[in-house]
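Structure file coords25.tsv (TSV, C-alpha atoms) follows.
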```tsv
chain	number	residue	atom	x	y	z
F	24	MET	CA	77.73	95.59	96.30
F	25	LEU	CA	80.23	98.23	95.19
F	26	GLY	CA	83.05	95.70	95.35
F	27	SER	CA	81.25	93.21	93.13
F	28	THR	CA	80.41	95.97	90.64
F	29	LEU	CA	84.09	96.92	90.41
F	30	LEU	CA	85.12	93.31	89.94
F	31	THR	CA	82.65	93.01	87.07
F	32	ALA	CA	84.02	96.24	85.60
F	33	SER	CA	87.52	94.78	85.71
F	34	ARG	CA	86.46	92.49	82.84
F	35	SER	CA	84.68	95.19	80.76
F	36	PRO	CA	86.52	96.48	77.65
F	37	ARG	CA	84.36	99.64	77.62
F	38	VAL	CA	85.13	100.52	81.24
F	39	ARG	CA	88.76	99.62	80.64
F	40	ARG	CA	89.01	102.23	77.85
F	41	LEU	CA	87.41	104.87	80.08
F	42	VAL	CA	89.64	104.15	83.08
F	43	THR	CA	92.96	103.83	81.25
F	44	SER	CA	92.38	107.13	79.40
F	45	ALA	CA	91.30	109.10	82.50
F	46	PRO	CA	93.76	111.95	83.18
F	47	GLY	CA	93.90	111.39	86.95
F	48	SER	CA	93.97	107.61	87.05
F	49	ARG	CA	97.75	107.32	86.78
F	50	HIS	CA	98.31	109.20	90.05
F	51	LEU	CA	96.24	106.70	92.01
F	52	VAL	CA	97.66	103.73	90.12
F	53	GLU	CA	101.18	104.74	91.17
F	54	ARG	CA	100.27	103.93	94.76
F	55	PHE	CA	99.88	100.25	93.84
F	56	VAL	CA	102.06	99.77	90.72
F	57	VAL	CA	105.77	100.67	90.84
F	58	GLY	CA	106.22	101.39	87.15
F	59	GLU	CA	106.10	99.84	83.70
F	60	THR	CA	109.64	98.54	83.07
F	61	THR	CA	111.96	95.87	84.38
F	62	ALA	CA	114.25	98.65	85.59
F	63	ASP	CA	111.37	100.06	87.67
F	64	ALA	CA	110.77	96.63	89.22
F	65	LEU	CA	114.46	96.14	90.04
F	66	ASP	CA	114.70	99.62	91.55
F	67	ALA	CA	111.70	98.95	93.79
F	68	THR	CA	113.20	95.61	94.86
F	69	ARG	CA	116.47	97.29	95.78
F	70	VAL	CA	114.69	99.90	97.91
F	71	LEU	CA	112.39	97.46	99.71
F	72	SER	CA	115.14	94.94	100.40
F	73	GLY	CA	117.21	97.78	101.80
F	74	HIS	CA	114.44	98.30	104.36
F	75	GLY	CA	114.53	94.66	105.42
F	76	LEU	CA	111.58	93.50	103.32
F	77	ALA	CA	111.40	90.60	100.88
F	78	VAL	CA	109.65	90.98	97.52
F	79	THR	CA	107.55	89.05	95.03
F	80	LEU	CA	107.38	90.65	91.58
F	81	ASP	CA	104.38	90.41	89.27
F	82	HIS	CA	104.57	91.53	85.65
F	83	LEU	CA	101.01	92.67	85.08
F	84	GLY	CA	98.95	91.06	82.36
F	85	GLU	CA	96.30	88.36	82.16
F	86	ASP	CA	93.85	86.63	79.80
F	87	THR	CA	96.42	86.54	76.99
F	88	LEU	CA	94.87	85.05	73.86
F	89	ASP	CA	97.91	85.33	71.61
F	90	VAL	CA	100.72	82.76	71.51
F	91	ALA	CA	103.36	85.34	70.64
F	92	GLN	CA	102.30	87.57	73.53
F	93	ALA	CA	102.40	84.63	75.94
F	94	ARG	CA	105.96	83.86	74.88
F	95	ALA	CA	106.90	87.54	75.10
F	96	THR	CA	105.67	87.56	78.71
F	97	ARG	CA	107.83	84.50	79.40
F	98	GLN	CA	110.85	86.41	78.12
F	99	VAL	CA	110.00	89.42	80.31
F	100	TYR	CA	110.14	87.17	83.36
F	101	VAL	CA	113.40	85.55	82.27
F	102	THR	CA	114.97	88.99	81.79
F	103	LEU	CA	113.66	90.10	85.20
F	104	LEU	CA	115.11	87.03	86.91
F	105	ASP	CA	118.46	87.52	85.19
F	106	GLY	CA	118.41	91.11	86.46
F	107	LEU	CA	117.74	90.00	90.03
F	108	ALA	CA	120.71	87.63	89.83
F	109	ASP	CA	123.03	90.24	88.31
F	110	LEU	CA	122.19	92.73	91.07
F	111	GLY	CA	122.50	90.19	93.88
F	112	LEU	CA	118.81	90.55	94.81
F	113	ALA	CA	117.60	87.00	94.16
F	114	ASP	CA	117.91	85.98	97.80
F	115	ARG	CA	115.29	88.61	98.71
F	116	ALA	CA	112.97	88.40	95.72
F	117	GLU	CA	110.89	85.81	93.88
F	118	VAL	CA	108.35	86.24	91.08
F	119	SER	CA	104.59	85.75	90.96
F	120	LEU	CA	103.12	84.44	87.72
F	121	LYS	CA	99.55	84.45	86.41
F	122	LEU	CA	99.27	81.47	84.12
F	123	SER	CA	96.67	83.23	81.96
F	124	ALA	CA	99.43	85.71	81.06
F	125	VAL	CA	101.50	82.90	79.52
F	126	GLY	CA	98.76	81.19	77.55
F	127	GLN	CA	96.47	79.28	79.94
F	128	ALA	CA	93.36	81.03	78.57
F	129	LEU	CA	94.01	80.08	74.95
F	130	PRO	CA	91.15	77.92	73.65
F	131	ARG	CA	93.44	75.28	72.14
F	132	ASP	CA	96.36	73.82	74.07
F	133	GLY	CA	96.33	76.72	76.52
F	134	HIS	CA	97.13	74.45	79.47
F	135	HIS	CA	100.16	72.94	77.75
F	136	LEU	CA	101.43	76.28	76.47
F	137	ALA	CA	101.17	77.77	79.97
F	138	LEU	CA	103.05	74.79	81.40
F	139	GLU	CA	105.81	75.15	78.79
F	140	ASN	CA	106.22	78.87	79.49
F	141	ALA	CA	105.99	78.46	83.27
F	142	ARG	CA	108.65	75.75	83.12
F	143	ALA	CA	111.02	78.12	81.32
F	144	ILE	CA	110.39	80.80	83.95
F	145	ALA	CA	110.89	78.34	86.81
F	146	ALA	CA	114.19	77.23	85.25
F	147	ALA	CA	115.32	80.85	85.02
F	148	ALA	CA	114.34	81.36	88.66
F	149	GLU	CA	116.36	78.35	89.73
F	150	ARG	CA	119.40	79.61	87.82
F	151	ALA	CA	119.02	82.95	89.58
F	152	GLY	CA	118.74	81.32	92.99
F	153	THR	CA	115.08	82.03	93.66
F	154	THR	CA	111.66	80.64	92.76
F	155	VAL	CA	108.18	81.25	91.34
F	156	THR	CA	104.74	81.37	92.92
F	157	LEU	CA	101.77	80.63	90.65
F	158	ASP	CA	99.04	83.20	91.24
F	159	MET	CA	95.50	81.87	91.42
F	160	GLU	CA	92.85	83.47	89.23
F	161	ASP	CA	89.10	82.85	89.01
F	162	HIS	CA	87.58	79.48	89.93
F	163	THR	CA	87.55	78.19	86.34
F	164	THR	CA	91.37	78.07	86.35
F	165	VAL	CA	91.96	76.28	89.68
F	166	ASP	CA	92.18	72.71	88.42
F	167	SER	CA	94.50	73.64	85.55
F	168	THR	CA	96.70	75.78	87.82
F	169	LEU	CA	97.06	73.05	90.44
F	170	ALA	CA	97.85	70.49	87.73
F	171	ILE	CA	100.57	72.75	86.34
F	172	LEU	CA	101.86	73.27	89.88
F	173	SER	CA	102.13	69.51	90.36
F	174	ASP	CA	104.03	69.11	87.08
F	175	LEU	CA	106.43	71.95	87.87
F	176	ARG	CA	107.19	70.68	91.36
F	177	VAL	CA	108.67	67.48	89.92
F	178	ASP	CA	111.70	69.50	88.76
F	179	PHE	CA	111.18	72.70	90.77
F	180	PRO	CA	109.85	71.65	94.18
F	181	ARG	CA	109.97	75.18	95.63
F	182	THR	CA	107.31	76.45	93.20
F	183	GLY	CA	104.66	78.17	95.28
F	184	ALA	CA	100.88	77.90	95.16
F	185	VAL	CA	98.14	80.43	95.93
F	186	LEU	CA	94.82	79.40	97.46
F	187	GLN	CA	91.74	81.60	97.95
F	188	SER	CA	89.66	81.16	101.09
F	189	CYS	CA	86.54	82.48	99.33
F	190	LEU	CA	86.18	79.20	97.41
F	191	HIS	CA	84.31	76.27	98.98
F	192	ARG	CA	86.97	73.82	97.83
F	193	THR	CA	89.96	75.54	99.40
F	194	GLU	CA	90.04	73.80	102.78
F	195	ALA	CA	90.49	70.49	100.97
F	196	ASP	CA	93.18	72.04	98.74
F	197	CYS	CA	94.97	73.31	101.86
F	198	ARG	CA	95.06	69.79	103.30
F	199	ASP	CA	96.46	68.45	100.04
F	200	LEU	CA	99.19	71.09	99.89
F	201	ALA	CA	100.21	71.34	103.57
F	202	HIS	CA	103.11	68.92	103.14
F	203	ASP	CA	106.85	69.21	103.62
F	204	GLY	CA	108.48	71.76	101.33
F	205	SER	CA	105.18	73.09	99.97
F	206	ARG	CA	104.97	76.88	99.80
F	207	VAL	CA	101.35	78.08	99.97
F	208	ARG	CA	100.16	81.69	99.86
F	209	LEU	CA	96.72	82.03	101.44
F	210	VAL	CA	94.59	84.95	100.23
F	211	LYS	CA	90.91	85.77	100.65
F	212	GLY	CA	90.31	86.17	96.90
F	213	ALA	CA	89.75	89.13	94.59
F	214	TYR	CA	87.53	87.78	91.79
F	215	ALA	CA	83.75	87.97	91.30
F	216	GLU	CA	82.65	84.36	91.86
F	217	PRO	CA	79.20	82.72	91.79
F	218	PRO	CA	77.74	81.48	95.10
F	219	SER	CA	77.77	77.93	93.75
F	220	VAL	CA	81.56	77.86	94.19
F	221	ALA	CA	82.33	80.69	96.63
F	222	TYR	CA	81.09	82.22	99.87
F	223	PRO	CA	79.07	85.35	99.01
F	224	ALA	CA	79.37	86.96	102.46
F	225	LYS	CA	82.63	88.58	103.57
F	226	SER	CA	82.18	87.18	107.08
F	227	ASP	CA	82.07	83.65	105.69
F	228	VAL	CA	85.20	84.29	103.60
F	229	ASP	CA	86.94	85.49	106.78
F	230	LEU	CA	85.90	82.40	108.73
F	231	ALA	CA	87.10	80.20	105.88
F	232	TYR	CA	90.44	82.03	105.94
F	233	VAL	CA	90.78	81.19	109.64
F	234	ARG	CA	90.05	77.50	109.01
F	235	CYS	CA	92.51	77.36	106.11
F	236	LEU	CA	95.19	79.18	108.09
F	237	LYS	CA	94.86	76.66	110.92
F	238	ILE	CA	95.37	73.80	108.46
F	239	LEU	CA	98.46	75.37	106.89
F	240	MET	CA	100.08	76.40	110.18
F	241	ALA	CA	99.56	72.92	111.63
F	242	GLY	CA	100.93	71.25	108.51
F	243	ASP	CA	104.48	70.56	107.37
F	244	GLY	CA	104.60	73.14	104.57
F	245	TYR	CA	105.59	76.79	104.43
F	246	PRO	CA	102.56	79.08	104.90
F	247	MET	CA	102.57	82.54	103.33
F	248	VAL	CA	99.97	84.64	105.14
F	249	ALA	CA	98.77	87.16	102.58
F	250	SER	CA	96.45	89.54	104.41
F	251	HIS	CA	96.17	93.14	105.57
F	252	ASP	CA	93.50	92.19	108.11
F	253	PRO	CA	94.85	92.88	111.62
F	254	ARG	CA	92.82	89.96	113.00
F	255	MET	CA	94.40	87.48	110.59
F	256	ILE	CA	97.88	88.82	111.24
F	257	GLU	CA	97.40	88.45	114.98
F	258	LEU	CA	95.93	84.98	114.56
F	259	ALA	CA	98.86	83.91	112.40
F	260	GLY	CA	101.24	84.84	115.20
F	261	VAL	CA	99.18	82.88	117.73
F	262	LEU	CA	99.01	79.82	115.48
F	263	ALA	CA	102.74	79.99	114.73
F	264	GLU	CA	103.50	79.92	118.46
F	265	ARG	CA	100.96	77.17	119.11
F	266	ASN	CA	102.50	74.99	116.40
F	267	GLY	CA	106.09	75.68	117.43
F	268	ARG	CA	106.92	77.67	114.31
F	269	ALA	CA	109.88	80.02	114.51
F	270	PRO	CA	110.08	83.15	112.31
F	271	GLY	CA	111.32	82.05	108.91
F	272	THR	CA	109.16	78.90	108.83
F	273	TYR	CA	106.29	81.05	107.54
F	274	GLU	CA	105.96	84.60	106.25
F	275	PHE	CA	103.58	87.52	105.96
F	276	GLN	CA	102.75	89.03	102.58
F	277	MET	CA	101.16	92.39	101.80
F	278	LEU	CA	100.55	94.45	98.69
F	279	HIS	CA	102.79	97.32	97.71
F	280	GLY	CA	101.34	100.60	98.93
F	281	ILE	CA	98.99	99.12	101.54
F	282	ARG	CA	99.67	99.16	105.31
F	283	THR	CA	103.32	99.99	104.85
F	284	GLY	CA	103.62	100.90	108.53
F	285	GLU	CA	102.46	97.41	109.49
F	286	GLN	CA	104.90	95.86	107.03
F	287	ASN	CA	107.76	97.71	108.68
F	288	ARG	CA	106.51	96.94	112.20
F	289	LEU	CA	106.39	93.19	111.55
F	290	ALA	CA	109.81	93.21	109.88
F	291	ALA	CA	111.29	95.13	112.81
F	292	ALA	CA	109.83	92.49	115.15
F	293	GLY	CA	111.81	89.79	113.33
F	294	GLU	CA	109.09	88.48	111.03
F	295	LEU	CA	109.72	87.76	107.36
F	296	VAL	CA	107.52	90.16	105.38
F	297	ARG	CA	107.25	89.94	101.60
F	298	VAL	CA	105.79	92.80	99.56
F	299	TYR	CA	103.81	91.97	96.43
F	300	VAL	CA	105.20	94.38	93.83
F	301	PRO	CA	103.34	94.68	90.50
F	302	TYR	CA	104.72	96.47	87.47
F	303	GLY	CA	103.94	96.79	83.78
F	304	ALA	CA	101.73	98.70	81.38
F	305	ASP	CA	98.75	96.34	81.63
F	306	TRP	CA	97.67	97.52	85.09
F	307	TYR	CA	93.91	97.85	84.60
F	308	GLY	CA	92.63	94.50	85.94
F	309	TYR	CA	94.92	94.59	88.96
F	310	PHE	CA	94.00	98.21	89.72
F	311	MET	CA	90.25	97.54	89.61
F	312	ARG	CA	90.58	94.61	92.01
F	313	ARG	CA	92.46	96.88	94.44
F	314	LEU	CA	89.64	99.43	94.19
F	315	ALA	CA	87.13	96.67	94.93
F	316	GLU	CA	89.06	95.77	98.08
F	317	ARG	CA	89.37	99.42	99.20
F	318	PRO	CA	86.19	101.32	98.24
F	319	ALA	CA	87.48	104.44	100.03
F	320	ASN	CA	89.66	105.01	96.96
F	321	VAL	CA	86.67	105.01	94.62
F	322	GLY	CA	85.56	108.58	95.33
F	323	PHE	CA	89.02	109.91	94.60
F	324	PHE	CA	89.19	107.89	91.43
F	325	LEU	CA	85.77	108.96	90.16
F	326	ARG	CA	86.72	112.61	90.63
F	327	SER	CA	89.84	111.97	88.59
F	328	LEU	CA	87.74	110.83	85.62
F	329	PHE	CA	86.48	114.35	85.17
F	330	THR	CA	89.59	116.33	86.13
F	331	ARG	CA	92.02	117.60	83.52
```
Output the structure of this file as structure tokens.
Amino acid sequence: MLGSTLLTASRSPRVRRLVTSAPGSRHLVERFVVGETTADALDATRVLSGHGLAVTLDHLGEDTLDVAQARATRQVYVTLLDGLADLGLADRAEVSLKLSAVGQALPRDGHHLALENARAIAAAAERAGTTVTLDMEDHTTVDSTLAILSDLRVDFPRTGAVLQSCLHRTEADCRDLAHDGSRVRLVKGAYAEPPSVAYPAKSDVDLAYVRCLKILMAGDGYPMVASHDPRMIELAGVLAERNGRAPGTYEFQMLHGIRTGEQNRLAAAGELVRVYVPYGADWYGYFMRRLAERPANVGFFLRSLFTR
């Protein structure tokens, strides 16, 4: 109940103003978000890669309804990718892209604008020697996102997809995408969705994650196991062994600031671990979804609203 309330609040302009102006919010945000600038993102990448971890970088921002802002976000990603190449970090880092940040949500030609901007970012990634993964947002964007993925993969076949086990449709999407060369990040999902399209119970989302993980691990693609759940991490190892997968034919992914000890443990055991590193000034929506996933942080945050 608390989680769904926080997810609803993540879309509220009034709550957004309250949260972003709270004097203590920044301290908690810093646990999840590495900073606001490209330099902050590159510094975090350098540190994490030095500890044997791979990185995926997300410039925070979503639901852009301005063409100029969408194109400005495209340029931020191009600059970031050029920076990764210049610093010799592109072999350890990719970027994650929300298509709504580059125009997908615009009421007219949003799909085509997002494709144009994503294509420019994918081209910059290829020049740098890395790639892009398209983040998945709420259920209304899935068809458009998968269509853009299909278009991009014609010229940039390493473009990654994200699928959410909370959605009823995802097992079928996993089967469609579990082919040779296909990079698929499997997550549980962090958006408030209606029961007509998504499993309302956490236990059902977990069971769906297991079914989807089995499909991806048995397929010919490259599974990216994005979970902090110890059961899913253990299961992924079992399924990798069962399907004859060596380390490097799949990877684990976790969020920056969460279960860092487990990230280091898996990396030390020879697994490829990629840390999802967000940065940027527009941190509100991302932050609220992290609170929804970890309600233990809510008490601390609520106290911060009233502390000067």
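Counting all atoms listed in the file, the residue from F:Leu262, F:Ala67, F:Leu76, F:Leu112 that sits nearest to Gln286 (chain F) is F:Leu76.
Residue nearest Ala146 (chain F), chosen from F:Val101, F:Ala108, F:Ala201, F:Ala116 and counting all atoms listed in the file: F:Val101.
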Glu85 (chain F) proximity check over F:Pro301, F:Thr163, F:Arg192, F:Leu122, using only C-alpha atoms: winner is F:Leu122
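Proximity ranking of F:Leu83, F:Leu258, F:Ala184, F:Met277 relative to Glu59 (chain F) places F:Leu83 first, based on only C-alpha atoms.
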The residue from F:Gly111, F:Gly284, F:Leu200, F:Ala148 with the smallest atom-to-atom distance to Leu172 (chain F), counting all atoms listed in the file, is F:Leu200
From the list F:Leu80, F:Ala151, F:Ala145, F:Ala290, the nearest residue to Pro180 (chain F) using all atoms listed in the file is F:Ala145
Correct to one decimal, the distance CA of Asp114 (chain F)-CA of Ser173 (chain F) is 24.0 Å
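Coordinates place CA of Val248 (chain F) at a distance of 17.7 Å from CA of Gly75 (chain F).
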Atom pair CA of Leu190 (chain F) + CA of Ser205 (chain F), distance 20.1 Å
_Just want the 10 Å neighbourhood of Asp161 (chain F), counted on all atoms listed in the file, with same-chain residues fewer than 5 positions away dropped. Output as a PyMOL selection string._
chain F and resi 187+190+212-216
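Around Glu149 (chain F), within 12 Å and counting only C-alpha atoms, the residues found are Val101, Leu104, Asp105, Leu107, Ala108, Ala113, Asp114, Glu117, Val118, Arg142, Ala143, Ile144, Ala145, Thr153, Thr154, Val155, Leu175, Asp178, Phe179, Pro180, Arg181 and Thr182 of chain F, once anything fewer than 4 positions away on its own chain is removed.
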Restricting it to C-alpha atoms, dump the selection as a PDB file, keeping the file's coordinate frame.
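Produced file selection08.pdb, reproduced below:
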```
ATOM      1  CA  VAL F 101     113.400  85.550  82.270  1.00  0.00           C
ATOM      2  CA  LEU F 104     115.110  87.030  86.910  1.00  0.00           C
ATOM      3  CA  ASP F 105     118.460  87.520  85.190  1.00  0.00           C
ATOM      4  CA  LEU F 107     117.740  90.000  90.030  1.00  0.00           C
ATOM      5  CA  ALA F 108     120.710  87.630  89.830  1.00  0.00           C
ATOM      6  CA  ALA F 113     117.600  87.000  94.160  1.00  0.00           C
ATOM      7  CA  ASP F 114     117.910  85.980  97.800  1.00  0.00           C
ATOM      8  CA  GLU F 117     110.890  85.810  93.880  1.00  0.00           C
ATOM      9  CA  VAL F 118     108.350  86.240  91.080  1.00  0.00           C
ATOM     10  CA  ARG F 142     108.650  75.750  83.120  1.00  0.00           C
ATOM     11  CA  ALA F 143     111.020  78.120  81.320  1.00  0.00           C
ATOM     12  CA  ILE F 144     110.390  80.800  83.950  1.00  0.00           C
ATOM     13  CA  ALA F 145     110.890  78.340  86.810  1.00  0.00           C
ATOM     14  CA  THR F 153     115.080  82.030  93.660  1.00  0.00           C
ATOM     15  CA  THR F 154     111.660  80.640  92.760  1.00  0.00           C
ATOM     16  CA  VAL F 155     108.180  81.250  91.340  1.00  0.00           C
ATOM     17  CA  LEU F 175     106.430  71.950  87.870  1.00  0.00           C
ATOM     18  CA  ASP F 178     111.700  69.500  88.760  1.00  0.00           C
ATOM     19  CA  PHE F 179     111.180  72.700  90.770  1.00  0.00           C
ATOM     20  CA  PRO F 180     109.850  71.650  94.180  1.00  0.00           C
ATOM     21  CA  ARG F 181     109.970  75.180  95.630  1.00  0.00           C
ATOM     22  CA  THR F 182     107.310  76.450  93.200  1.00  0.00           C
TER      23      THR F 182
END
```
Checklist line | Protein, DNA and RNA residues within 6 Å of (107.8, 85.7, 106.8), only C-alpha atoms, as a VMD selection string | finding: chain F and resid 271 273 to 275 294 to 296
Margin query: Would you pick out the contacts of Asn266 (chain F) at 7 Å or less, using only C-alpha atoms, so that residues sharing its chain but fewer than 3 positions from it are not included, and give the list as a VMD selection string?
Written below: chain F and resid 240 to 241 262 to 263
Could you give me, as a compact mmCIF listing (two decimals) with C-alpha atoms, in the coordinates of the input, the residues that have an atom at most 7 Å away from the point (83.7, 83.0, 100.0) in the coordinates of the file, using all atoms listed in the file?
```txt
# COMPACT_ATOMS: atom_id res chain seq x y z
CA SER F 188 89.66 81.16 101.09
CA CYS F 189 86.54 82.48 99.33
CA LEU F 190 86.18 79.20 97.41
CA HIS F 191 84.31 76.27 98.98
CA ALA F 221 82.33 80.69 96.63
CA TYR F 222 81.09 82.22 99.87
CA PRO F 223 79.07 85.35 99.01
CA ALA F 224 79.37 86.96 102.46
CA LYS F 225 82.63 88.58 103.57
CA ASP F 227 82.07 83.65 105.69
CA VAL F 228 85.20 84.29 103.60
```
